[in-house]
Amino acid sequence: MFSRFPVPDLESLPDDLRGRIVEVADKTGFIPNVFLALAHRPEEARAFFAYHDALMDKASPALSKADRELIVVVTSSANGCLYCVVAHGAVLRIRSKNPLLADQVATDWRKADLDDRQRAICDISVRFARTPESVIASDWDGLKSYGLDDNDIWDVGAIVGLFGLSNRMAHLTSMQPNEEFYTMGR
């Protein structure tokens, strides 16, 4: 089983959650375990997925969807979250069109094939994930030299924050990645 808590049957879920899960399954060919694991508490699942979508489904000129997945993978690696590293690593491989990047970042982002901008984003993301009190305004402002504006900087911090929650929920539930994620984008 992929969760230590009861996993609801798809048919028993409220229409809106069931519809969303079916939509994802139609697109990917499978139901990512996170959807059913978090659906154990439907109201919280709705809130989580709404915030996820608000942050992850947009792109700015300076912070692409691949960049957003990079932040998720480096944050999840810092938090030791198998589910999110594997699942979002698959999405990073697809969005970056680089089959090696996710594994490199998950193992040691400092040695990954990243440009200076990506390194700066990974550095602040890991520090904010591990020791948020050590990241000060001038650290965040340093991202401006790489073309990020205040909205992009907010998004970097918010993605790290959301995936701090996501990583901990994956740990709480003992969530396991779907096998399909391991081969996506390779």
# chains A, B, ... in the order shown; residues from 1 in each chain; ligands from 1
>>> closest_atom_pairs(of="segment 46-73 of chain A", to="segment 13-26 of chain A", cutoff="12 Å", atoms="only C-alpha atoms", output="CSV")
residue,atom,partner,partner_atom,distance
A:Arg46,CA,A:Leu17,CA,7.3
A:Ala47,CA,A:Leu17,CA,11.1
A:Phe48,CA,A:Leu17,CA,11.8
A:Phe49,CA,A:Arg20,CA,9.8
A:Ala50,CA,A:Arg20,CA,11.2
A:Asp53,CA,A:Arg20,CA,11.9
>>> write_last_selection(atoms="C-alpha atoms", output="tab-separated table (two decimals), in the first residue's frame")
chain	number	residue	atom	x	y	z
A	46	ARG	CA	-8.73	20.66	-2.34
A	47	ALA	CA	-6.79	23.42	-0.58
A	48	PHE	CA	-3.44	21.76	-1.25
A	49	PHE	CA	-4.11	21.19	-4.93
A	50	ALA	CA	-5.48	24.71	-5.40
A	53	ASP	CA	-1.85	24.81	-9.17
>>> closest_atom_pairs(of="segment 6-116 of chain A", to="segment 154-158 of chain A", cutoff="8 Å", atoms="only C-alpha atoms", output="Markdown table")
| residue | atom | partner | partner_atom | distance |
| --- | --- | --- | --- | --- |
| A:Leu55 | CA | A:Asp155 | CA | 6.6 |
| A:Arg68 | CA | A:Val156 | CA | 7.6 |
| A:Ile71 | CA | A:Val156 | CA | 7.2 |
>>> closest_atom_pairs(of="segment 18-137 of chain A", to="segment 161-183 of chain A", cutoff="6 Å", atoms="only C-alpha atoms", output="tab-separated table")
residue	atom	partner	partner_atom	distance
A:Cys81	CA	A:Asn167	CA	5.4
A:Tyr83	CA	A:Pro177	CA	4.8
A:Ala87	CA	A:Phe181	CA	5.5
A:Ala90	CA	A:Phe181	CA	5.7
>>> write_last_selection(atoms="N, CA and C atoms", output="PDB file, in the first residue's frame")
ATOM      1  N   CYS A  81      12.561  13.554   0.688  1.00  0.00           N
ATOM      2  CA  CYS A  81      11.230  13.076   0.312  1.00  0.00           C
ATOM      3  C   CYS A  81      11.288  12.245  -0.970  1.00  0.00           C
ATOM      4  N   TYR A  83       8.951  10.422  -2.454  1.00  0.00           N
ATOM      5  CA  TYR A  83       7.826  10.603  -3.368  1.00  0.00           C
ATOM      6  C   TYR A  83       8.028  11.830  -4.254  1.00  0.00           C
ATOM      7  N   ALA A  87       8.529  11.782  -8.251  1.00  0.00           N
ATOM      8  CA  ALA A  87       7.407  12.274  -9.054  1.00  0.00           C
ATOM      9  C   ALA A  87       7.759  13.581  -9.769  1.00  0.00           C
ATOM     10  N   ALA A  90      10.407  13.308 -12.477  1.00  0.00           N
ATOM     11  CA  ALA A  90       9.856  12.922 -13.779  1.00  0.00           C
ATOM     12  C   ALA A  90       9.352  14.144 -14.535  1.00  0.00           C
TER      13      ALA A  90
END
>>> closest_residue(among="A:Gly29, A:Val74, A:His40, A:Asp152", to="Val7 of chain A", atoms="only C-alpha atoms")
A:His40
>>> residues_around(residues="Trp109 of chain A", least_positions_apart="3", cutoff="10 Å", atoms="only C-alpha atoms", output="JSON list (two decimals) with N, CA and C atoms, in the first residue's frame")
[["chain", "number", "residue", "atom", "x", "y", "z"],
["A", 70, "LEU", "N", 12.45, 22.34, -10.85],
["A", 70, "LEU", "CA", 13.79, 22.30, -10.30],
["A", 70, "LEU", "C", 13.77, 22.65, -8.81],
["A", 73, "VAL", "N", 12.33, 19.71, -6.86],
["A", 73, "VAL", "CA", 13.24, 18.57, -6.72],
["A", 73, "VAL", "C", 14.35, 18.88, -5.73],
["A", 74, "VAL", "N", 14.94, 20.06, -5.80],
["A", 74, "VAL", "CA", 16.04, 20.38, -4.88],
["A", 74, "VAL", "C", 15.52, 20.51, -3.45],
["A", 77, "SER", "N", 14.66, 16.95, -2.23],
["A", 77, "SER", "CA", 15.89, 16.24, -1.93],
["A", 77, "SER", "C", 16.44, 16.69, -0.58],
["A", 101, "LEU", "N", 18.99, 15.68, -15.65],
["A", 101, "LEU", "CA", 18.99, 16.78, -14.70],
["A", 101, "LEU", "C", 18.37, 16.42, -13.35],
["A", 102, "ALA", "N", 17.23, 15.78, -13.34],
["A", 102, "ALA", "CA", 16.56, 15.49, -12.07],
["A", 102, "ALA", "C", 17.41, 14.60, -11.18],
["A", 103, "ASP", "N", 18.03, 13.59, -11.74],
["A", 103, "ASP", "CA", 18.89, 12.70, -10.94],
["A", 103, "ASP", "C", 20.09, 13.47, -10.41],
["A", 104, "GLN", "N", 20.68, 14.33, -11.24],
["A", 104, "GLN", "CA", 21.82, 15.12, -10.79],
["A", 104, "GLN", "C", 21.43, 16.02, -9.63],
["A", 105, "VAL", "N", 20.31, 16.73, -9.78],
["A", 105, "VAL", "CA", 19.86, 17.68, -8.76],
["A", 105, "VAL", "C", 19.50, 16.96, -7.47],
["A", 106, "ALA", "N", 18.82, 15.83, -7.59],
["A", 106, "ALA", "CA", 18.41, 15.08, -6.40],
["A", 106, "ALA", "C", 19.61, 14.53, -5.63],
["A", 112, "ALA", "N", 25.50, 19.34, -10.45],
["A", 112, "ALA", "CA", 24.59, 19.16, -11.59],
["A", 112, "ALA", "C", 24.94, 20.13, -12.71],
["A", 113, "ASP", "N", 24.48, 19.79, -13.89],
["A", 113, "ASP", "CA", 24.69, 20.65, -15.07],
["A", 113, "ASP", "C", 23.70, 21.81, -15.03],
["A", 114, "LEU", "N", 24.02, 22.81, -14.22],
["A", 114, "LEU", "CA", 23.16, 23.98, -14.04],
["A", 114, "LEU", "C", 23.93, 25.23, -14.43],
["A", 118, "GLN", "N", 20.38, 29.06, -12.28],
["A", 118, "GLN", "CA", 19.78, 27.88, -11.66],
["A", 118, "GLN", "C", 20.49, 27.54, -10.34],
["A", 119, "ARG", "N", 21.80, 27.70, -10.30],
["A", 119, "ARG", "CA", 22.55, 27.44, -9.06],
["A", 119, "ARG", "C", 22.11, 28.39, -7.96],
["A", 122, "CYS", "N", 18.73, 27.23, -6.75],
["A", 122, "CYS", "CA", 18.86, 26.01, -5.93],
["A", 122, "CYS", "C", 19.47, 26.34, -4.58],
["A", 123, "ASP", "N", 20.49, 27.18, -4.56],
["A", 123, "ASP", "CA", 21.15, 27.52, -3.30],
["A", 123, "ASP", "C", 20.16, 28.15, -2.32],
["A", 126, "VAL", "N", 17.44, 25.56, -1.12],
["A", 126, "VAL", "CA", 17.90, 24.59, -0.12],
["A", 126, "VAL", "C", 18.09, 25.28, 1.23]]
>>> atom_distance(atom1="atom CA of Phe128 of chain A", atom2="atom CA of Thr75 of chain A")
8.7 Å
>>> select_by_dssp(residues="segment 17-167 of chain A", states="helix (DSSP H, G or I)", output="compact mmCIF listing (two decimals) with N, CA and C atoms, in the first residue's frame")
# COMPACT_ATOMS: atom_id res chain seq x y z
N LEU A 17 -13.29 16.31 -6.68
CA LEU A 17 -12.01 15.62 -6.53
C LEU A 17 -11.90 14.43 -7.47
N ARG A 18 -12.97 13.67 -7.56
CA ARG A 18 -12.97 12.53 -8.48
C ARG A 18 -12.73 13.01 -9.90
N GLY A 19 -13.38 14.10 -10.30
CA GLY A 19 -13.20 14.64 -11.64
C GLY A 19 -11.76 15.06 -11.90
N ARG A 20 -11.16 15.69 -10.92
CA ARG A 20 -9.77 16.12 -11.07
C ARG A 20 -8.84 14.92 -11.21
N ILE A 21 -9.07 13.90 -10.39
CA ILE A 21 -8.22 12.72 -10.43
C ILE A 21 -8.38 12.00 -11.76
N VAL A 22 -9.60 11.89 -12.25
CA VAL A 22 -9.84 11.24 -13.54
C VAL A 22 -9.15 12.04 -14.66
N GLU A 23 -9.22 13.35 -14.58
CA GLU A 23 -8.56 14.21 -15.58
C GLU A 23 -7.05 13.97 -15.60
N VAL A 24 -6.45 13.89 -14.43
CA VAL A 24 -5.00 13.62 -14.34
C VAL A 24 -4.70 12.22 -14.88
N ALA A 25 -5.51 11.24 -14.50
CA ALA A 25 -5.29 9.87 -14.98
C ALA A 25 -5.42 9.78 -16.49
N ASP A 26 -6.38 10.51 -17.05
CA ASP A 26 -6.54 10.51 -18.51
C ASP A 26 -5.31 11.10 -19.20
N LYS A 27 -4.72 12.09 -18.57
CA LYS A 27 -3.56 12.76 -19.15
C LYS A 27 -2.29 11.93 -19.01
N THR A 28 -2.10 11.31 -17.83
CA THR A 28 -0.86 10.60 -17.54
C THR A 28 -0.92 9.10 -17.80
N ASN A 33 -0.16 8.58 -6.84
CA ASN A 33 -0.54 8.20 -5.49
C ASN A 33 -0.88 9.38 -4.59
N VAL A 34 -0.27 10.53 -4.83
CA VAL A 34 -0.53 11.70 -3.98
C VAL A 34 -2.01 12.08 -3.98
N PHE A 35 -2.68 11.90 -5.10
CA PHE A 35 -4.08 12.31 -5.19
C PHE A 35 -4.96 11.49 -4.25
N LEU A 36 -4.79 10.19 -4.27
CA LEU A 36 -5.62 9.35 -3.41
C LEU A 36 -5.17 9.42 -1.96
N ALA A 37 -3.87 9.55 -1.73
CA ALA A 37 -3.39 9.64 -0.34
C ALA A 37 -3.94 10.89 0.33
N LEU A 38 -3.86 12.04 -0.35
CA LEU A 38 -4.35 13.28 0.26
C LEU A 38 -5.87 13.35 0.26
N PRO A 42 -10.68 15.24 2.13
CA PRO A 42 -11.02 15.98 0.91
C PRO A 42 -10.87 17.50 1.00
N GLU A 43 -11.30 18.11 2.07
CA GLU A 43 -11.19 19.58 2.16
C GLU A 43 -9.74 20.02 2.10
N GLU A 44 -8.88 19.31 2.80
CA GLU A 44 -7.46 19.65 2.80
C GLU A 44 -6.83 19.36 1.44
N ALA A 45 -7.26 18.28 0.81
CA ALA A 45 -6.75 17.96 -0.53
C ALA A 45 -7.10 19.08 -1.51
N ARG A 46 -8.33 19.55 -1.46
CA ARG A 46 -8.73 20.66 -2.34
C ARG A 46 -7.84 21.88 -2.14
N ALA A 47 -7.61 22.24 -0.88
CA ALA A 47 -6.79 23.42 -0.58
C ALA A 47 -5.35 23.22 -1.06
N PHE A 48 -4.81 22.05 -0.82
CA PHE A 48 -3.44 21.76 -1.25
C PHE A 48 -3.32 21.86 -2.76
N PHE A 49 -4.21 21.20 -3.48
CA PHE A 49 -4.11 21.19 -4.93
C PHE A 49 -4.38 22.57 -5.54
N ALA A 50 -5.24 23.35 -4.91
CA ALA A 50 -5.48 24.71 -5.40
C ALA A 50 -4.22 25.55 -5.27
N TYR A 51 -3.55 25.46 -4.13
CA TYR A 51 -2.31 26.24 -3.96
C TYR A 51 -1.22 25.71 -4.87
N HIS A 52 -1.12 24.40 -5.00
CA HIS A 52 -0.16 23.80 -5.93
C HIS A 52 -0.35 24.36 -7.33
N ASP A 53 -1.58 24.33 -7.81
CA ASP A 53 -1.85 24.81 -9.17
C ASP A 53 -1.54 26.29 -9.33
N ALA A 54 -1.88 27.09 -8.31
CA ALA A 54 -1.62 28.52 -8.38
C ALA A 54 -0.13 28.81 -8.54
N LEU A 55 0.71 28.01 -7.91
CA LEU A 55 2.15 28.23 -7.99
C LEU A 55 2.81 27.53 -9.17
N MET A 56 2.39 26.33 -9.47
CA MET A 56 3.14 25.50 -10.42
C MET A 56 2.65 25.58 -11.85
N LYS A 65 8.21 26.84 -16.04
CA LYS A 65 7.66 25.66 -15.37
C LYS A 65 8.76 24.66 -15.04
N ALA A 66 9.78 24.56 -15.89
CA ALA A 66 10.92 23.68 -15.58
C ALA A 66 11.67 24.21 -14.36
N ASP A 67 11.85 25.53 -14.26
CA ASP A 67 12.51 26.11 -13.08
C ASP A 67 11.72 25.78 -11.82
N ARG A 68 10.41 25.84 -11.91
CA ARG A 68 9.57 25.55 -10.75
C ARG A 68 9.75 24.10 -10.31
N GLU A 69 9.84 23.20 -11.26
CA GLU A 69 10.07 21.79 -10.92
C GLU A 69 11.48 21.58 -10.36
N LEU A 70 12.45 22.34 -10.85
CA LEU A 70 13.79 22.30 -10.30
C LEU A 70 13.77 22.65 -8.81
N ILE A 71 13.03 23.69 -8.47
CA ILE A 71 12.89 24.10 -7.06
C ILE A 71 12.27 22.97 -6.24
N VAL A 72 11.24 22.32 -6.79
CA VAL A 72 10.59 21.22 -6.07
C VAL A 72 11.57 20.07 -5.84
N VAL A 73 12.33 19.71 -6.86
CA VAL A 73 13.24 18.57 -6.72
C VAL A 73 14.35 18.88 -5.73
N VAL A 74 14.94 20.06 -5.80
CA VAL A 74 16.04 20.38 -4.88
C VAL A 74 15.52 20.51 -3.45
N THR A 75 14.33 21.08 -3.27
CA THR A 75 13.72 21.19 -1.95
C THR A 75 13.39 19.81 -1.40
N SER A 76 12.79 18.99 -2.23
CA SER A 76 12.38 17.64 -1.79
C SER A 76 13.59 16.77 -1.48
N SER A 77 14.66 16.95 -2.23
CA SER A 77 15.89 16.24 -1.93
C SER A 77 16.44 16.69 -0.58
N ALA A 78 16.44 17.99 -0.33
CA ALA A 78 16.91 18.52 0.96
C ALA A 78 16.08 17.98 2.12
N LEU A 82 11.26 10.94 -0.81
CA LEU A 82 11.31 10.03 -1.97
C LEU A 82 10.19 10.31 -2.95
N TYR A 83 8.95 10.42 -2.45
CA TYR A 83 7.83 10.60 -3.37
C TYR A 83 8.03 11.83 -4.25
N CYS A 84 8.29 12.96 -3.65
CA CYS A 84 8.36 14.21 -4.43
C CYS A 84 9.59 14.27 -5.32
N VAL A 85 10.72 13.71 -4.87
CA VAL A 85 11.90 13.67 -5.73
C VAL A 85 11.62 12.84 -6.97
N VAL A 86 11.01 11.69 -6.79
CA VAL A 86 10.75 10.80 -7.93
C VAL A 86 9.65 11.37 -8.83
N ALA A 87 8.53 11.78 -8.25
CA ALA A 87 7.41 12.27 -9.05
C ALA A 87 7.76 13.58 -9.77
N HIS A 88 8.30 14.53 -9.04
CA HIS A 88 8.62 15.82 -9.66
C HIS A 88 9.91 15.74 -10.46
N GLY A 89 10.75 14.77 -10.15
CA GLY A 89 11.90 14.52 -11.01
C GLY A 89 11.46 14.12 -12.40
N ALA A 90 10.41 13.31 -12.48
CA ALA A 90 9.86 12.92 -13.78
C ALA A 90 9.35 14.14 -14.53
N VAL A 91 8.64 15.01 -13.83
CA VAL A 91 8.12 16.22 -14.48
C VAL A 91 9.27 17.14 -14.89
N LEU A 92 10.30 17.25 -14.06
CA LEU A 92 11.47 18.06 -14.41
C LEU A 92 12.14 17.52 -15.67
N ARG A 93 12.30 16.20 -15.76
CA ARG A 93 12.90 15.63 -16.97
C ARG A 93 12.11 16.02 -18.21
N ILE A 94 10.79 15.97 -18.10
CA ILE A 94 9.93 16.29 -19.24
C ILE A 94 9.99 17.78 -19.56
N ARG A 95 9.83 18.63 -18.55
CA ARG A 95 9.77 20.07 -18.80
C ARG A 95 11.12 20.67 -19.19
N SER A 96 12.20 20.11 -18.68
CA SER A 96 13.53 20.62 -19.02
C SER A 96 14.07 19.99 -20.30
N LEU A 101 18.99 15.68 -15.65
CA LEU A 101 18.99 16.78 -14.70
C LEU A 101 18.37 16.42 -13.35
N ALA A 102 17.23 15.78 -13.34
CA ALA A 102 16.56 15.49 -12.07
C ALA A 102 17.41 14.60 -11.18
N ASP A 103 18.03 13.59 -11.74
CA ASP A 103 18.89 12.70 -10.94
C ASP A 103 20.09 13.47 -10.41
N GLN A 104 20.68 14.33 -11.24
CA GLN A 104 21.82 15.12 -10.79
C GLN A 104 21.43 16.02 -9.63
N VAL A 105 20.31 16.73 -9.78
CA VAL A 105 19.86 17.68 -8.76
C VAL A 105 19.50 16.96 -7.47
N ALA A 106 18.82 15.83 -7.59
CA ALA A 106 18.41 15.08 -6.40
C ALA A 106 19.61 14.53 -5.63
N THR A 107 20.66 14.20 -6.35
CA THR A 107 21.85 13.62 -5.71
C THR A 107 22.75 14.70 -5.14
N ASP A 108 23.10 15.70 -5.96
CA ASP A 108 23.95 16.81 -5.49
C ASP A 108 23.84 17.95 -6.49
N TRP A 109 22.95 18.88 -6.21
CA TRP A 109 22.70 19.97 -7.14
C TRP A 109 23.97 20.79 -7.41
N ARG A 110 24.92 20.79 -6.49
CA ARG A 110 26.15 21.57 -6.67
C ARG A 110 26.99 21.02 -7.82
N LYS A 111 26.81 19.75 -8.15
CA LYS A 111 27.58 19.12 -9.23
C LYS A 111 26.73 18.91 -10.49
N ASP A 116 24.51 29.47 -13.83
CA ASP A 116 24.66 30.26 -12.60
C ASP A 116 23.32 30.68 -12.02
N ARG A 117 22.37 31.00 -12.88
CA ARG A 117 21.03 31.39 -12.42
C ARG A 117 20.35 30.25 -11.69
N GLN A 118 20.38 29.06 -12.28
CA GLN A 118 19.78 27.88 -11.66
C GLN A 118 20.49 27.54 -10.34
N ARG A 119 21.80 27.70 -10.30
CA ARG A 119 22.55 27.44 -9.06
C ARG A 119 22.11 28.39 -7.96
N ALA A 120 21.93 29.64 -8.30
CA ALA A 120 21.50 30.63 -7.30
C ALA A 120 20.11 30.27 -6.78
N ILE A 121 19.23 29.85 -7.67
CA ILE A 121 17.87 29.45 -7.27
C ILE A 121 17.93 28.21 -6.38
N CYS A 122 18.73 27.23 -6.75
CA CYS A 122 18.86 26.01 -5.93
C CYS A 122 19.47 26.34 -4.58
N ASP A 123 20.49 27.18 -4.56
CA ASP A 123 21.15 27.52 -3.30
C ASP A 123 20.16 28.15 -2.32
N ILE A 124 19.43 29.15 -2.75
CA ILE A 124 18.50 29.81 -1.83
C ILE A 124 17.34 28.88 -1.47
N SER A 125 16.92 28.03 -2.41
CA SER A 125 15.84 27.09 -2.12
C SER A 125 16.24 26.11 -1.03
N VAL A 126 17.44 25.56 -1.12
CA VAL A 126 17.90 24.59 -0.12
C VAL A 126 18.09 25.28 1.23
N ARG A 127 18.67 26.45 1.22
CA ARG A 127 18.86 27.16 2.49
C ARG A 127 17.52 27.51 3.12
N PHE A 128 16.56 27.94 2.30
CA PHE A 128 15.24 28.29 2.83
C PHE A 128 14.51 27.06 3.34
N ALA A 129 14.73 25.92 2.70
CA ALA A 129 14.11 24.66 3.15
C ALA A 129 14.72 24.18 4.47
N ARG A 130 16.02 24.31 4.61
CA ARG A 130 16.71 23.74 5.78
C ARG A 130 16.80 24.72 6.95
N PRO A 132 15.46 28.36 7.27
CA PRO A 132 14.80 29.56 6.73
C PRO A 132 15.20 30.85 7.45
N GLU A 133 15.51 30.75 8.72
CA GLU A 133 15.88 31.95 9.46
C GLU A 133 17.21 32.53 8.99
N SER A 134 18.01 31.75 8.29
CA SER A 134 19.31 32.24 7.83
C SER A 134 19.22 33.00 6.51
N ALA A 137 16.83 39.30 3.57
CA ALA A 137 16.33 40.06 2.42
C ALA A 137 17.37 40.20 1.32
N SER A 138 18.61 40.47 1.69
CA SER A 138 19.65 40.64 0.66
C SER A 138 19.90 39.35 -0.12
N ASP A 139 19.70 38.20 0.53
CA ASP A 139 19.84 36.92 -0.18
C ASP A 139 18.78 36.82 -1.28
N TRP A 140 17.54 37.11 -0.89
CA TRP A 140 16.45 37.07 -1.87
C TRP A 140 16.70 38.08 -2.98
N ASP A 141 17.11 39.30 -2.61
CA ASP A 141 17.36 40.35 -3.60
C ASP A 141 18.46 39.97 -4.57
N GLY A 142 19.37 39.09 -4.13
CA GLY A 142 20.42 38.61 -5.02
C GLY A 142 19.88 37.91 -6.25
N LEU A 143 18.69 37.36 -6.15
CA LEU A 143 18.08 36.69 -7.31
C LEU A 143 17.72 37.69 -8.41
N LYS A 144 17.59 38.95 -8.06
CA LYS A 144 17.26 39.98 -9.06
C LYS A 144 18.36 40.11 -10.11
N SER A 145 19.60 39.84 -9.72
CA SER A 145 20.70 39.93 -10.69
C SER A 145 20.60 38.83 -11.75
N TYR A 146 19.72 37.85 -11.53
CA TYR A 146 19.50 36.78 -12.50
C TYR A 146 18.18 36.95 -13.24
N ASP A 150 10.23 40.66 -7.94
CA ASP A 150 9.66 40.33 -6.63
C ASP A 150 8.61 39.23 -6.71
N ASN A 151 7.82 39.20 -7.78
CA ASN A 151 6.82 38.13 -7.92
C ASN A 151 7.48 36.77 -8.10
N ASP A 152 8.56 36.73 -8.87
CA ASP A 152 9.29 35.47 -9.06
C ASP A 152 9.93 35.02 -7.74
N ILE A 153 10.50 35.98 -7.01
CA ILE A 153 11.13 35.66 -5.73
C ILE A 153 10.09 35.12 -4.75
N TRP A 154 8.92 35.75 -4.73
CA TRP A 154 7.82 35.22 -3.91
C TRP A 154 7.53 33.77 -4.29
N ASP A 155 7.45 33.51 -5.61
CA ASP A 155 7.15 32.16 -6.07
C ASP A 155 8.22 31.17 -5.63
N VAL A 156 9.49 31.54 -5.70
CA VAL A 156 10.55 30.63 -5.24
C VAL A 156 10.30 30.26 -3.78
N GLY A 157 10.10 31.26 -2.93
CA GLY A 157 9.87 31.00 -1.51
C GLY A 157 8.59 30.22 -1.26
N ALA A 158 7.54 30.55 -2.00
CA ALA A 158 6.26 29.87 -1.81
C ALA A 158 6.34 28.41 -2.26
N ILE A 159 7.06 28.14 -3.33
CA ILE A 159 7.22 26.75 -3.79
C ILE A 159 7.99 25.94 -2.75
N VAL A 160 9.07 26.53 -2.22
CA VAL A 160 9.82 25.84 -1.16
C VAL A 160 8.90 25.57 0.03
N GLY A 161 8.10 26.57 0.41
CA GLY A 161 7.18 26.41 1.54
C GLY A 161 6.13 25.35 1.29
N LEU A 162 5.50 25.39 0.12
CA LEU A 162 4.47 24.40 -0.20
C LEU A 162 5.06 22.99 -0.20
N PHE A 163 6.25 22.85 -0.75
CA PHE A 163 6.82 21.51 -0.80
C PHE A 163 7.45 21.08 0.52
N GLY A 164 7.71 22.03 1.42
CA GLY A 164 8.02 21.64 2.79
C GLY A 164 6.82 20.90 3.37
N LEU A 165 5.63 21.46 3.15
CA LEU A 165 4.39 20.81 3.59
C LEU A 165 4.19 19.49 2.85
N SER A 166 4.31 19.52 1.55
CA SER A 166 4.09 18.32 0.75
C SER A 166 5.04 17.20 1.17
N ASN A 167 6.32 17.54 1.35
CA ASN A 167 7.30 16.54 1.76
C ASN A 167 6.94 15.93 3.10
>>> closest_residue(among="A:Lys97, A:Arg186, A:Thr131, A:Ala39", to="Ser12 of chain A", atoms="only C-alpha atoms")
A:Ala39
>>> atom_distance(atom1="atom CA of Leu100 of chain A", atom2="atom CA of Phe2 of chain A")
26.4 Å
>>> atom_distance(atom1="atom CA of Pro32 of chain A", atom2="atom CA of Pro8 of chain A")
13.7 Å
>>> decode(residues="segment 163-175 of chain A", atoms="C-alpha atoms", output="CSV table (one decimal), in the first residue's frame")
chain,number,residue,atom,x,y,z
A,163,PHE,CA,6.8,21.5,-0.8
A,164,GLY,CA,8.0,21.6,2.8
A,165,LEU,CA,4.4,20.8,3.6
A,166,SER,CA,4.1,18.3,0.8
A,167,ASN,CA,7.3,16.5,1.8
A,168,ARG,CA,6.1,16.2,5.3
A,169,MET,CA,2.7,14.9,4.3
A,170,ALA,CA,4.5,12.3,2.1
A,171,HIS,CA,6.6,11.3,5.1
A,172,LEU,CA,3.5,11.2,7.4
A,173,THR,CA,1.6,9.0,5.0
A,174,SER,CA,4.6,6.9,4.0
A,175,MET,CA,3.6,7.7,0.5
